[in-house]
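Shown here: start11.txt, compact mmCIF, C-alpha atoms.
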```txt
# COMPACT_ATOMS: atom_id res chain seq x y z
CA MET A 1 151.88 104.68 91.27
CA LYS A 2 154.01 102.00 92.88
CA LYS A 3 152.62 98.50 93.26
CA ILE A 4 150.97 98.40 96.67
CA SER A 5 150.75 95.04 98.41
CA GLU A 6 147.47 93.53 99.57
CA SER A 7 148.78 93.67 103.14
CA THR A 8 149.25 97.44 102.82
CA ILE A 9 145.69 97.92 101.51
CA ARG A 10 144.38 95.77 104.36
CA ARG A 11 146.22 97.96 106.87
CA LEU A 12 144.92 101.16 105.23
CA SER A 13 141.39 99.80 105.77
CA LYS A 14 142.24 99.24 109.43
CA TYR A 15 143.68 102.75 109.83
CA TYR A 16 140.49 104.08 108.24
CA ARG A 17 138.43 102.29 110.91
CA SER A 18 140.67 103.46 113.73
CA LEU A 19 140.31 107.03 112.46
CA GLU A 20 136.52 106.63 112.42
CA GLN A 21 136.66 105.59 116.06
CA LEU A 22 138.91 108.53 116.97
CA ILE A 23 136.61 110.98 115.19
CA GLU A 24 133.61 109.53 117.05
CA ARG A 25 135.51 110.28 120.27
CA ASN A 26 136.18 113.85 119.05
CA THR A 27 139.94 113.29 118.76
CA ASP A 28 141.39 115.79 116.28
CA THR A 29 144.96 114.54 115.86
CA VAL A 30 146.70 111.20 116.12
CA SER A 31 150.36 110.14 116.06
CA SER A 32 151.69 107.19 114.11
CA ASP A 33 152.47 105.64 117.52
CA GLN A 34 148.82 105.83 118.54
CA LEU A 35 147.57 104.46 115.20
CA ALA A 36 150.14 101.68 115.47
CA GLU A 37 149.00 100.78 118.96
CA MET A 38 145.32 100.69 117.92
CA ASP A 39 146.14 98.28 115.14
CA GLY A 40 148.78 96.21 116.94
CA ILE A 41 151.66 97.03 114.58
CA THR A 42 154.80 99.22 114.68
CA SER A 43 154.71 102.97 114.11
CA ALA A 44 157.43 102.52 111.45
CA GLN A 45 154.97 100.33 109.53
CA VAL A 46 152.25 102.99 109.79
CA ARG A 47 154.59 105.69 108.48
CA LYS A 48 155.84 103.43 105.69
CA ASP A 49 152.29 102.50 104.60
CA LEU A 50 151.17 106.12 104.50
CA SER A 51 154.34 107.25 102.70
CA PHE A 52 153.31 105.25 99.61
CA PHE A 53 150.58 107.75 99.00
CA GLY A 54 152.36 111.03 99.64
CA THR A 55 153.02 113.05 102.72
CA PHE A 56 150.44 113.04 105.45
CA GLY A 57 150.71 114.91 108.73
CA LYS A 58 153.41 117.17 110.09
CA ARG A 59 156.47 115.94 111.97
CA GLY A 60 155.81 116.19 115.70
CA LEU A 61 152.19 117.25 115.25
CA GLY A 62 150.70 113.94 114.16
CA TYR A 63 147.92 113.53 111.64
CA ASN A 64 144.66 115.40 111.46
CA THR A 65 142.15 112.57 111.94
CA LYS A 66 139.44 113.94 109.63
CA ALA A 67 141.83 114.87 106.82
CA LEU A 68 143.65 111.54 106.99
CA LYS A 69 140.38 109.59 107.05
CA GLU A 70 139.20 111.49 104.00
CA GLN A 71 142.47 110.88 102.12
CA LEU A 72 142.47 107.16 102.98
CA GLY A 73 138.81 106.96 101.94
CA GLU A 74 139.70 108.40 98.53
CA ILE A 75 142.63 106.00 98.13
CA LEU A 76 140.39 103.04 99.01
CA GLY A 77 137.62 104.26 96.69
CA LEU A 78 135.20 104.76 99.58
CA ASP A 79 134.23 108.19 98.27
CA LYS A 80 132.38 106.37 95.47
CA ARG A 81 129.17 104.33 95.55
CA TRP A 82 129.65 100.76 94.34
CA ARG A 83 126.84 98.56 93.07
CA VAL A 84 127.11 95.04 94.49
CA ALA A 85 125.43 91.78 93.45
CA ILE A 86 125.30 88.68 95.63
CA VAL A 87 125.06 85.23 94.06
CA GLY A 88 123.50 82.82 96.55
CA ALA A 89 120.59 83.53 98.90
CA GLY A 90 121.67 81.09 101.61
CA ASN A 91 122.91 82.01 105.09
CA ILE A 92 125.96 83.93 103.87
CA GLY A 93 124.06 85.83 101.19
CA ARG A 94 121.36 86.79 103.70
CA ALA A 95 123.93 87.85 106.28
CA LEU A 96 125.56 90.11 103.68
CA VAL A 97 122.28 91.77 102.62
CA ASN A 98 121.78 92.58 106.30
CA TYR A 99 125.38 93.72 106.84
CA GLY A 100 125.21 97.40 107.77
CA GLU A 101 128.94 98.03 107.27
CA PHE A 102 128.57 97.62 103.51
CA LYS A 103 126.05 100.41 103.09
CA LYS A 104 127.97 102.63 105.50
CA GLN A 105 131.13 102.36 103.37
CA GLY A 106 129.38 102.92 100.04
CA PHE A 107 128.75 99.31 98.99
CA ASN A 108 125.15 99.17 97.86
CA VAL A 109 123.81 95.61 97.56
CA CYS A 110 121.22 96.00 94.79
CA LEU A 111 120.88 92.46 93.43
CA ILE A 112 120.72 88.98 94.95
CA MET A 113 120.35 85.85 92.84
CA ASP A 114 119.94 82.14 93.45
CA SER A 115 119.74 79.06 91.23
CA ASP A 116 117.10 77.51 93.50
CA HIS A 117 113.74 78.42 91.94
CA SER A 118 111.96 77.99 95.26
CA LYS A 119 113.95 80.97 96.58
CA VAL A 120 113.32 83.20 93.55
CA GLY A 121 110.77 85.90 94.37
CA GLU A 122 111.44 85.72 98.11
CA LYS A 123 112.20 89.05 99.80
CA ILE A 124 115.35 89.71 101.87
CA LEU A 125 114.95 93.18 103.36
CA ASP A 126 113.73 95.15 100.33
CA LEU A 127 115.49 92.94 97.77
CA GLU A 128 113.66 90.31 95.76
CA VAL A 129 115.71 87.18 95.00
CA LYS A 130 116.22 86.82 91.24
CA SER A 131 117.13 83.75 89.21
CA THR A 132 120.74 83.08 88.20
CA ASP A 133 119.26 81.96 84.85
CA ASP A 134 119.22 85.68 84.01
CA LEU A 135 122.60 86.46 85.60
CA SER A 136 124.20 88.19 82.63
CA GLU A 137 121.20 90.42 81.81
CA LEU A 138 120.62 91.32 85.48
CA VAL A 139 124.26 92.18 86.15
CA GLN A 140 124.34 94.47 83.12
CA ALA A 141 120.90 96.04 83.71
CA GLU A 142 121.85 96.81 87.33
CA ASN A 143 125.31 98.18 86.40
CA ILE A 144 126.99 95.93 88.93
CA ASP A 145 130.60 96.80 89.90
CA ILE A 146 131.35 94.05 92.41
CA ALA A 147 129.94 90.51 92.66
CA ILE A 148 129.97 88.32 95.76
CA ILE A 149 130.01 84.53 95.42
CA ALA A 150 128.08 82.92 98.29
CA ILE A 151 127.34 79.50 96.79
CA PRO A 152 128.87 76.02 97.23
CA SER A 153 132.33 75.31 95.80
CA ASP A 154 131.19 73.10 92.93
CA ALA A 155 129.37 75.94 91.15
CA ALA A 156 131.68 78.80 92.16
CA GLN A 157 134.09 78.76 89.20
CA ARG A 158 131.32 78.40 86.59
CA VAL A 159 129.34 81.30 88.08
CA SER A 160 132.52 83.41 88.34
CA ASP A 161 133.19 82.78 84.65
CA GLU A 162 129.64 83.90 83.83
CA LEU A 163 130.15 87.03 85.93
CA MET A 164 133.45 87.84 84.20
CA ASP A 165 131.81 87.19 80.80
CA ALA A 166 129.16 89.72 81.83
CA GLY A 167 131.88 92.30 82.44
CA ILE A 168 132.44 92.02 86.21
CA ARG A 169 136.01 92.92 87.21
CA ALA A 170 135.86 92.53 90.99
CA ILE A 171 134.71 89.38 92.81
CA LEU A 172 134.61 88.57 96.52
CA ASN A 173 134.48 84.80 96.86
CA PHE A 174 133.13 83.03 99.96
CA ALA A 175 133.28 79.52 98.48
CA PRO A 176 136.23 77.60 99.95
CA ILE A 177 138.05 77.18 96.64
CA SER A 178 140.42 79.47 94.76
CA ILE A 179 138.65 81.07 91.81
CA LYS A 180 140.73 81.30 88.62
CA SER A 181 140.81 84.94 87.70
CA ARG A 182 141.48 86.70 84.39
CA PRO A 183 143.69 89.66 83.46
CA ASN A 184 142.19 92.92 84.72
CA VAL A 185 139.89 91.10 87.12
CA MET A 186 140.50 90.97 90.87
CA VAL A 187 139.21 88.06 92.92
CA LYS A 188 139.46 88.20 96.70
CA ASN A 189 138.93 84.91 98.47
CA GLU A 190 137.24 85.31 101.84
CA ASN A 191 138.17 82.20 103.72
CA THR A 192 137.08 82.00 107.32
CA ALA A 193 139.04 78.78 107.76
CA ILE A 194 142.23 80.80 107.22
CA GLU A 195 141.31 83.22 110.00
CA ILE A 196 140.53 80.46 112.47
CA GLU A 197 143.83 78.73 111.59
CA ALA A 198 145.73 81.73 112.95
CA LEU A 199 143.99 81.00 116.25
CA SER A 200 144.83 77.33 116.11
CA TYR A 201 148.48 78.26 115.43
CA PHE A 202 148.40 80.58 118.44
CA LEU A 203 146.89 77.94 120.72
CA SER A 204 149.28 75.20 119.52
CA LYS A 205 152.58 77.00 119.86
CA ARG A 206 152.26 77.46 123.63
CA MET B 1 160.92 80.24 118.02
CA LYS B 2 161.09 83.57 116.23
CA LYS B 3 158.06 85.84 116.21
CA ILE B 4 156.09 84.93 113.11
CA SER B 5 153.91 87.63 111.57
CA GLU B 6 150.21 87.22 110.97
CA SER B 7 150.85 87.62 107.24
CA THR B 8 153.21 84.64 107.32
CA ILE B 9 150.66 82.46 109.12
CA ARG B 10 148.02 83.53 106.59
CA ARG B 11 150.31 82.48 103.74
CA LEU B 12 151.09 79.14 105.42
CA SER B 13 147.32 78.49 105.47
CA LYS B 14 147.22 79.25 101.76
CA TYR B 15 150.16 76.96 100.99
CA TYR B 16 148.38 74.26 102.98
CA ARG B 17 145.33 74.63 100.73
CA SER B 18 147.40 74.66 97.55
CA LEU B 19 149.11 71.46 98.72
CA GLU B 20 145.70 69.86 99.33
CA GLN B 21 144.74 70.70 95.75
CA LEU B 22 148.01 69.29 94.40
CA ILE B 23 147.58 66.06 96.39
CA GLU B 24 144.03 65.71 95.05
CA ARG B 25 145.54 65.91 91.55
CA ASN B 26 148.11 63.23 92.51
CA THR B 27 151.04 65.66 92.28
CA ASP B 28 153.93 64.35 94.41
CA THR B 29 156.37 67.26 94.34
CA VAL B 30 156.08 71.02 93.98
CA SER B 31 158.67 73.79 93.53
CA SER B 32 158.58 77.08 95.40
CA ASP B 33 157.92 78.69 91.98
CA GLN B 34 154.78 76.61 91.51
CA LEU B 35 153.53 77.29 95.04
CA ALA B 36 154.24 80.97 94.51
CA GLU B 37 152.28 81.01 91.27
CA MET B 38 149.27 79.25 92.84
CA ASP B 39 149.18 81.85 95.58
CA GLY B 40 150.08 84.89 93.50
CA ILE B 41 153.29 85.78 95.36
CA THR B 42 157.05 85.49 94.72
CA SER B 43 158.99 82.23 95.15
CA ALA B 44 161.45 84.10 97.37
CA GLN B 45 158.54 84.82 99.73
CA VAL B 46 157.55 81.14 99.77
CA ARG B 47 161.11 80.06 100.59
CA LYS B 48 161.42 82.76 103.26
CA ASP B 49 158.12 81.78 104.91
CA LEU B 50 159.03 78.10 105.03
CA SER B 51 162.56 78.83 106.27
CA PHE B 52 161.13 80.16 109.57
CA PHE B 53 160.19 76.64 110.48
CA GLY B 54 163.26 74.70 109.46
CA THR B 55 164.39 73.16 106.22
CA PHE B 56 161.78 71.73 103.91
CA GLY B 57 162.48 70.12 100.56
CA LYS B 58 165.72 69.54 98.73
CA ARG B 59 167.41 72.09 96.48
CA GLY B 60 166.43 71.39 92.88
CA LEU B 61 163.96 68.67 93.79
CA GLY B 62 161.17 70.78 95.21
CA TYR B 63 158.99 69.81 98.13
CA ASN B 64 157.21 66.54 98.69
CA THR B 65 153.55 67.66 98.73
CA LYS B 66 152.32 65.19 101.35
CA ALA B 67 155.24 65.73 103.73
CA LEU B 68 155.05 69.50 103.43
CA LYS B 69 151.28 69.50 103.94
CA GLU B 70 151.71 67.40 107.06
CA GLN B 71 154.44 69.67 108.45
CA LEU B 72 152.43 72.82 107.75
CA GLY B 73 149.38 71.18 109.33
CA GLU B 74 151.38 70.53 112.48
CA ILE B 75 152.69 74.11 112.56
CA LEU B 76 149.16 75.45 112.16
CA GLY B 77 147.79 73.09 114.81
CA LEU B 78 145.55 71.32 112.29
CA ASP B 79 146.69 67.93 113.58
CA LYS B 80 144.61 68.66 116.70
CA ARG B 81 140.83 68.78 117.19
CA TRP B 82 139.60 72.13 118.46
CA ARG B 83 136.29 72.64 120.24
CA VAL B 84 134.51 75.72 118.94
CA ALA B 85 131.58 77.71 120.36
CA ILE B 86 129.56 80.22 118.36
CA VAL B 87 127.83 83.12 120.10
CA GLY B 88 124.91 84.30 117.96
CA ALA B 89 122.43 82.09 116.08
CA GLY B 90 121.71 84.63 113.33
CA ASN B 91 122.67 84.30 109.67
CA ILE B 92 126.42 84.29 110.31
CA GLY B 93 126.18 81.79 113.19
CA ARG B 94 124.03 79.49 111.08
CA ALA B 95 126.34 79.77 108.08
CA LEU B 96 129.27 78.78 110.31
CA VAL B 97 127.51 75.73 111.79
CA ASN B 98 126.95 74.61 108.19
CA TYR B 99 130.50 75.46 107.07
CA GLY B 100 132.09 72.17 106.01
CA GLU B 101 135.65 73.56 105.91
CA PHE B 102 135.69 73.89 109.71
CA LYS B 103 135.05 70.22 110.38
CA LYS B 104 137.44 69.20 107.62
CA GLN B 105 140.31 71.14 109.25
CA GLY B 106 139.61 69.91 112.77
CA PHE B 107 137.40 72.72 114.07
CA ASN B 108 134.45 71.06 115.73
CA VAL B 109 131.54 73.43 116.39
CA CYS B 110 129.99 71.88 119.49
CA LEU B 111 128.10 74.81 121.04
CA ILE B 112 125.94 77.65 119.73
CA MET B 113 124.36 80.23 122.00
CA ASP B 114 122.01 83.18 121.61
CA SER B 115 120.61 85.82 123.96
CA ASP B 116 117.24 85.70 122.18
CA HIS B 117 115.10 83.29 124.21
CA SER B 118 112.85 82.59 121.21
CA LYS B 119 115.87 80.99 119.48
CA VAL B 120 116.95 78.89 122.47
CA GLY B 121 116.06 75.22 121.93
CA GLU B 122 115.95 75.58 118.16
CA LYS B 123 118.03 73.02 116.22
CA ILE B 124 120.71 73.97 113.66
CA LEU B 125 121.92 70.74 112.10
CA ASP B 126 122.36 68.54 115.19
CA LEU B 127 123.12 71.46 117.55
CA GLU B 128 120.53 72.86 119.92
CA VAL B 129 120.78 76.62 120.51
CA LYS B 130 121.61 77.35 124.16
CA SER B 131 121.12 80.55 126.15
CA THR B 132 123.99 83.00 126.62
CA ASP B 133 122.67 83.35 130.21
CA ASP B 134 124.67 80.16 130.89
CA LEU B 135 127.68 81.16 128.78
CA SER B 136 130.36 80.62 131.39
CA GLU B 137 129.09 77.21 132.55
CA LEU B 138 128.50 75.99 128.98
CA VAL B 139 131.93 77.07 127.73
CA GLN B 140 133.61 75.29 130.61
CA ALA B 141 131.43 72.16 130.47
CA GLU B 142 132.07 71.81 126.72
CA ASN B 143 135.84 72.44 127.08
CA ILE B 144 135.73 75.15 124.41
CA ASP B 145 139.06 76.20 122.87
CA ILE B 146 137.91 78.84 120.39
CA ALA B 147 134.87 81.15 120.50
CA ILE B 148 133.30 82.91 117.54
CA ILE B 149 131.45 86.19 118.03
CA ALA B 150 128.56 86.47 115.56
CA ILE B 151 126.41 89.09 117.29
CA PRO B 152 125.87 92.83 116.77
CA SER B 153 128.64 95.27 117.70
CA ASP B 154 127.00 96.71 120.79
CA ALA B 155 127.17 93.41 122.71
CA ALA B 156 130.45 92.10 121.24
CA GLN B 157 132.90 93.49 123.81
CA ARG B 158 130.78 92.49 126.80
CA VAL B 159 130.37 88.93 125.52
CA SER B 160 134.09 88.73 124.69
CA ASP B 161 134.90 89.76 128.25
CA GLU B 162 132.59 87.04 129.55
CA LEU B 163 134.30 84.51 127.28
CA MET B 164 137.77 85.58 128.44
CA ASP B 165 136.57 85.44 132.08
CA ALA B 166 135.46 81.87 131.36
CA GLY B 167 139.01 81.02 130.24
CA ILE B 168 138.74 81.39 126.44
CA ARG B 169 142.07 82.40 124.88
CA ALA B 170 141.15 82.50 121.18
CA ILE B 171 138.31 84.55 119.69
CA LEU B 172 137.25 85.03 116.09
CA ASN B 173 135.14 88.18 115.92
CA PHE B 174 132.64 88.87 113.14
CA ALA B 175 131.20 92.02 114.73
CA PRO B 176 132.45 95.13 112.91
CA ILE B 177 134.30 96.55 115.91
CA SER B 178 137.78 95.88 117.31
CA ILE B 179 137.55 93.74 120.42
CA LYS B 180 139.91 94.73 123.25
CA SER B 181 141.98 91.67 123.99
CA ARG B 182 143.97 90.66 127.09
CA PRO B 183 147.49 89.28 127.56
CA ASN B 184 147.68 85.65 126.40
CA VAL B 185 144.45 85.95 124.45
CA MET B 186 144.32 86.22 120.66
CA VAL B 187 141.43 87.98 118.95
CA LYS B 188 141.13 87.82 115.17
CA ASN B 189 138.73 90.29 113.64
CA GLU B 190 136.99 88.93 110.55
CA ASN B 191 135.85 91.99 108.70
CA THR B 192 134.25 91.46 105.33
CA ALA B 193 134.20 95.20 104.73
CA ILE B 194 138.01 95.13 104.69
CA GLU B 195 138.03 92.47 102.00
CA ILE B 196 135.60 94.34 99.79
CA GLU B 197 137.64 97.54 100.23
CA ALA B 198 140.58 95.86 98.48
CA LEU B 199 138.23 95.46 95.50
CA SER B 200 137.10 99.05 95.66
CA TYR B 201 140.76 100.14 95.76
CA PHE B 202 141.41 97.98 92.70
CA LEU B 203 138.44 99.39 90.78
CA SER B 204 139.26 103.02 91.72
CA LYS B 205 142.91 103.13 90.80
CA ARG B 206 142.27 102.40 87.10
```

Written as structure tokens, how would this file's structure read?
Amino acid sequence: MKKISESTIRRLSKYYRSLEQLIERNTDTVSSDQLAEMDGITSAQVRKDLSFFGTFGKRGLGYNTKALKEQLGEILGLDKRWRVAIVGAGNIGRALVNYGEFKKQGFNVCLIMDSDHSKVGEKILDLEVKSTDDLSELVQAENIDIAIIAIPSDAAQRVSDELMDAGIRAILNFAPISIKSRPNVMVKNENTAIEIEALSYFLSKR
Amino acid sequence: MKKISESTIRRLSKYYRSLEQLIERNTDTVSSDQLAEMDGITSAQVRKDLSFFGTFGKRGLGYNTKALKEQLGEILGLDKRWRVAIVGAGNIGRALVNYGEFKKQGFNVCLIMDSDHSKVGEKILDLEVKSTDDLSELVQAENIDIAIIAIPSDAAQRVSDELMDAGIRAILNFAPISIKSRPNVMVKNENTAIEIEALSYFLSKR
């Protein structure tokens, strides 16, 4: 399979959401023009993105919404259940345990840990906060696929290294530093400052 | 000025951060190859992105880190102070009030509102939670530039409309729905599910 850019994957996720909305509204088919308009891009981009993964839809007839959603879901791995651990039981960690979208898309948060012993044992929804002292054992016992870093910057690299040592190959990082990754590990940095900077660019250039 | 894509702006924000790191390490110059490596892209992409905004650096000598950081900061509007309001005093709203990166980059959270009257009057850091009943007056009195939506999906569009009615032209939306924007308004949707889906794609394709 060709190397697919992160931007393409991001757009596939957006198409997936647009298709969900269309299906909710009982819309059976959609053109690349309509998908493009929903996502604020060109229809040529939509067709190009989808062409990476084979032929979808019929010329002039558009795409079948349910079939396309299912195919995109398979490409994105949303047909699987993923076991997710959160490191950090602060505001971000709590928000993520409560984040309904994760469960809906097959991301099952089954472990939350914190280094602060006063938080250990506390319940967030039906999850008990565990100690990061036992990180490696917990991650392995719970068969974690994806770890989320929701702790301050100064500890983020050390904890990521521990996670990778424990066999984790996918990390979503909320700490505002770039985590050094390893071969065969993917780290996504979630940086809200970057999103808000697009707004500041927009407001400045006028 | 040419139309700059969102992906370009996103990469400029990343270069800005890489330059900050280099300056912290007392590095005076950087090549496009080095910047590319720090951000996991090609040096041709780096040169192309920077070329949109004029000529930076000298062939063979690389870029002066401080000068380039300053120029990127100006492009991104980070040389200004922006007044930010948060709607929603739940976990995400609280996390954002506490998010040091915002203040560091010139985003000053000066208003937080909630529709839940039991939260109104509560203090988060030095901010008192206000009622969304007074949204329009508060947004105008505080001269808000950017609003952040940190409330459940079902109220997100209505509140966004109220914000746009009150003159807000930049919205960062954390609710997992696409907000319908208006001409001359920019809405950025921050969707953590999209980030984690890139990881699920990565784990599935192996």

Could you name the residues that touch Asp154 of chain B at 10 Å or less, counting only C-alpha atoms, but leaving out those on the same chain fewer than 4 positions away, as a count of residues only?
-> 5

Quick one: pull the distance between atom CA of Leu96 of chain B and atom CA of Ile148 of chain A, Å, one decimal.
->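 Pair atom CA of Leu96 of chain B / atom CA of Ile148 of chain A returns 17.4 Å.
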
Rank A:Leu68, A:Ala150, A:Val84, A:Ile75 by their smallest atom-to-atom distance to chain B, using all atoms listed in the file, and report the top residue only.
->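 The closest residue to chain B is A:Ile75.
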
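For the pair atom CA of Thr192 of chain B and atom CA of Glu190 of chain A, the separation is 7.7 Å.
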
Give as a PyMOL selection string every residue of chain A that touches chain B within 6 Å, counting all atoms listed in the file.
-> chain A and resi 13+76-77+91-92+95+170+194+199-201+204

Val139 of chain B surroundings by all atoms listed in the file, 12 Å radius, close-in-sequence under 4 positions cut, as number ranges by chain | B: 83-87, 109-113, 130-135, 143-148, 162-169

Quick one: axis-aligned box around all listed atoms of segment 160-164 of chain A, 4 Å on every side, centre and edge lengths in Å to one decimal, written as JSON.
```
{"center_x": 131.5, "center_y": 85.3, "center_z": 86.1, "size_x": 11.8, "size_y": 13.1, "size_z": 12.5}
```

Correct to one decimal, the distance atom CA of Ser153 of chain B-atom CA of Leu35 of chain A is 21.2 Å

Nearest to Val97 of chain B by atom-to-atom distance, counting all atoms listed in the file, from B:Ser181, B:Ser32, B:Leu19, B:Lys123 |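 Checking each of B:Ser181, B:Ser32, B:Leu19, B:Lys123 against Val97 of chain B, counting all atoms listed in the file, the winner is B:Lys123.
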
So which one's closest to Val120 of chain A, A:Glu142, A:Gln71, A:Ile179, A:Ala89? Using all atoms listed in the file, please.
->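 Nearest candidate to Val120 of chain A out of A:Glu142, A:Gln71, A:Ile179, A:Ala89: A:Ala89.
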
Glu20 of chain A proximity check over A:Leu72, A:Ile41, A:Leu127, A:Ile149, using all atoms listed in the file: winner is A:Leu72

Using all atoms listed in the file, pick whichever of B:Asp49, B:Pro183, B:Ile151, B:Asp28 has the shortest atom-to-atom distance to Ser5 of chain B.
-> B:Asp49

Which one of A:Ala67, A:Leu61, A:Lys48, A:Lys119 sits closest to Ile4 of chain A if you count all atoms listed in the file?
->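 Answer, going by the shortest atom-to-atom distance: A:Lys48.
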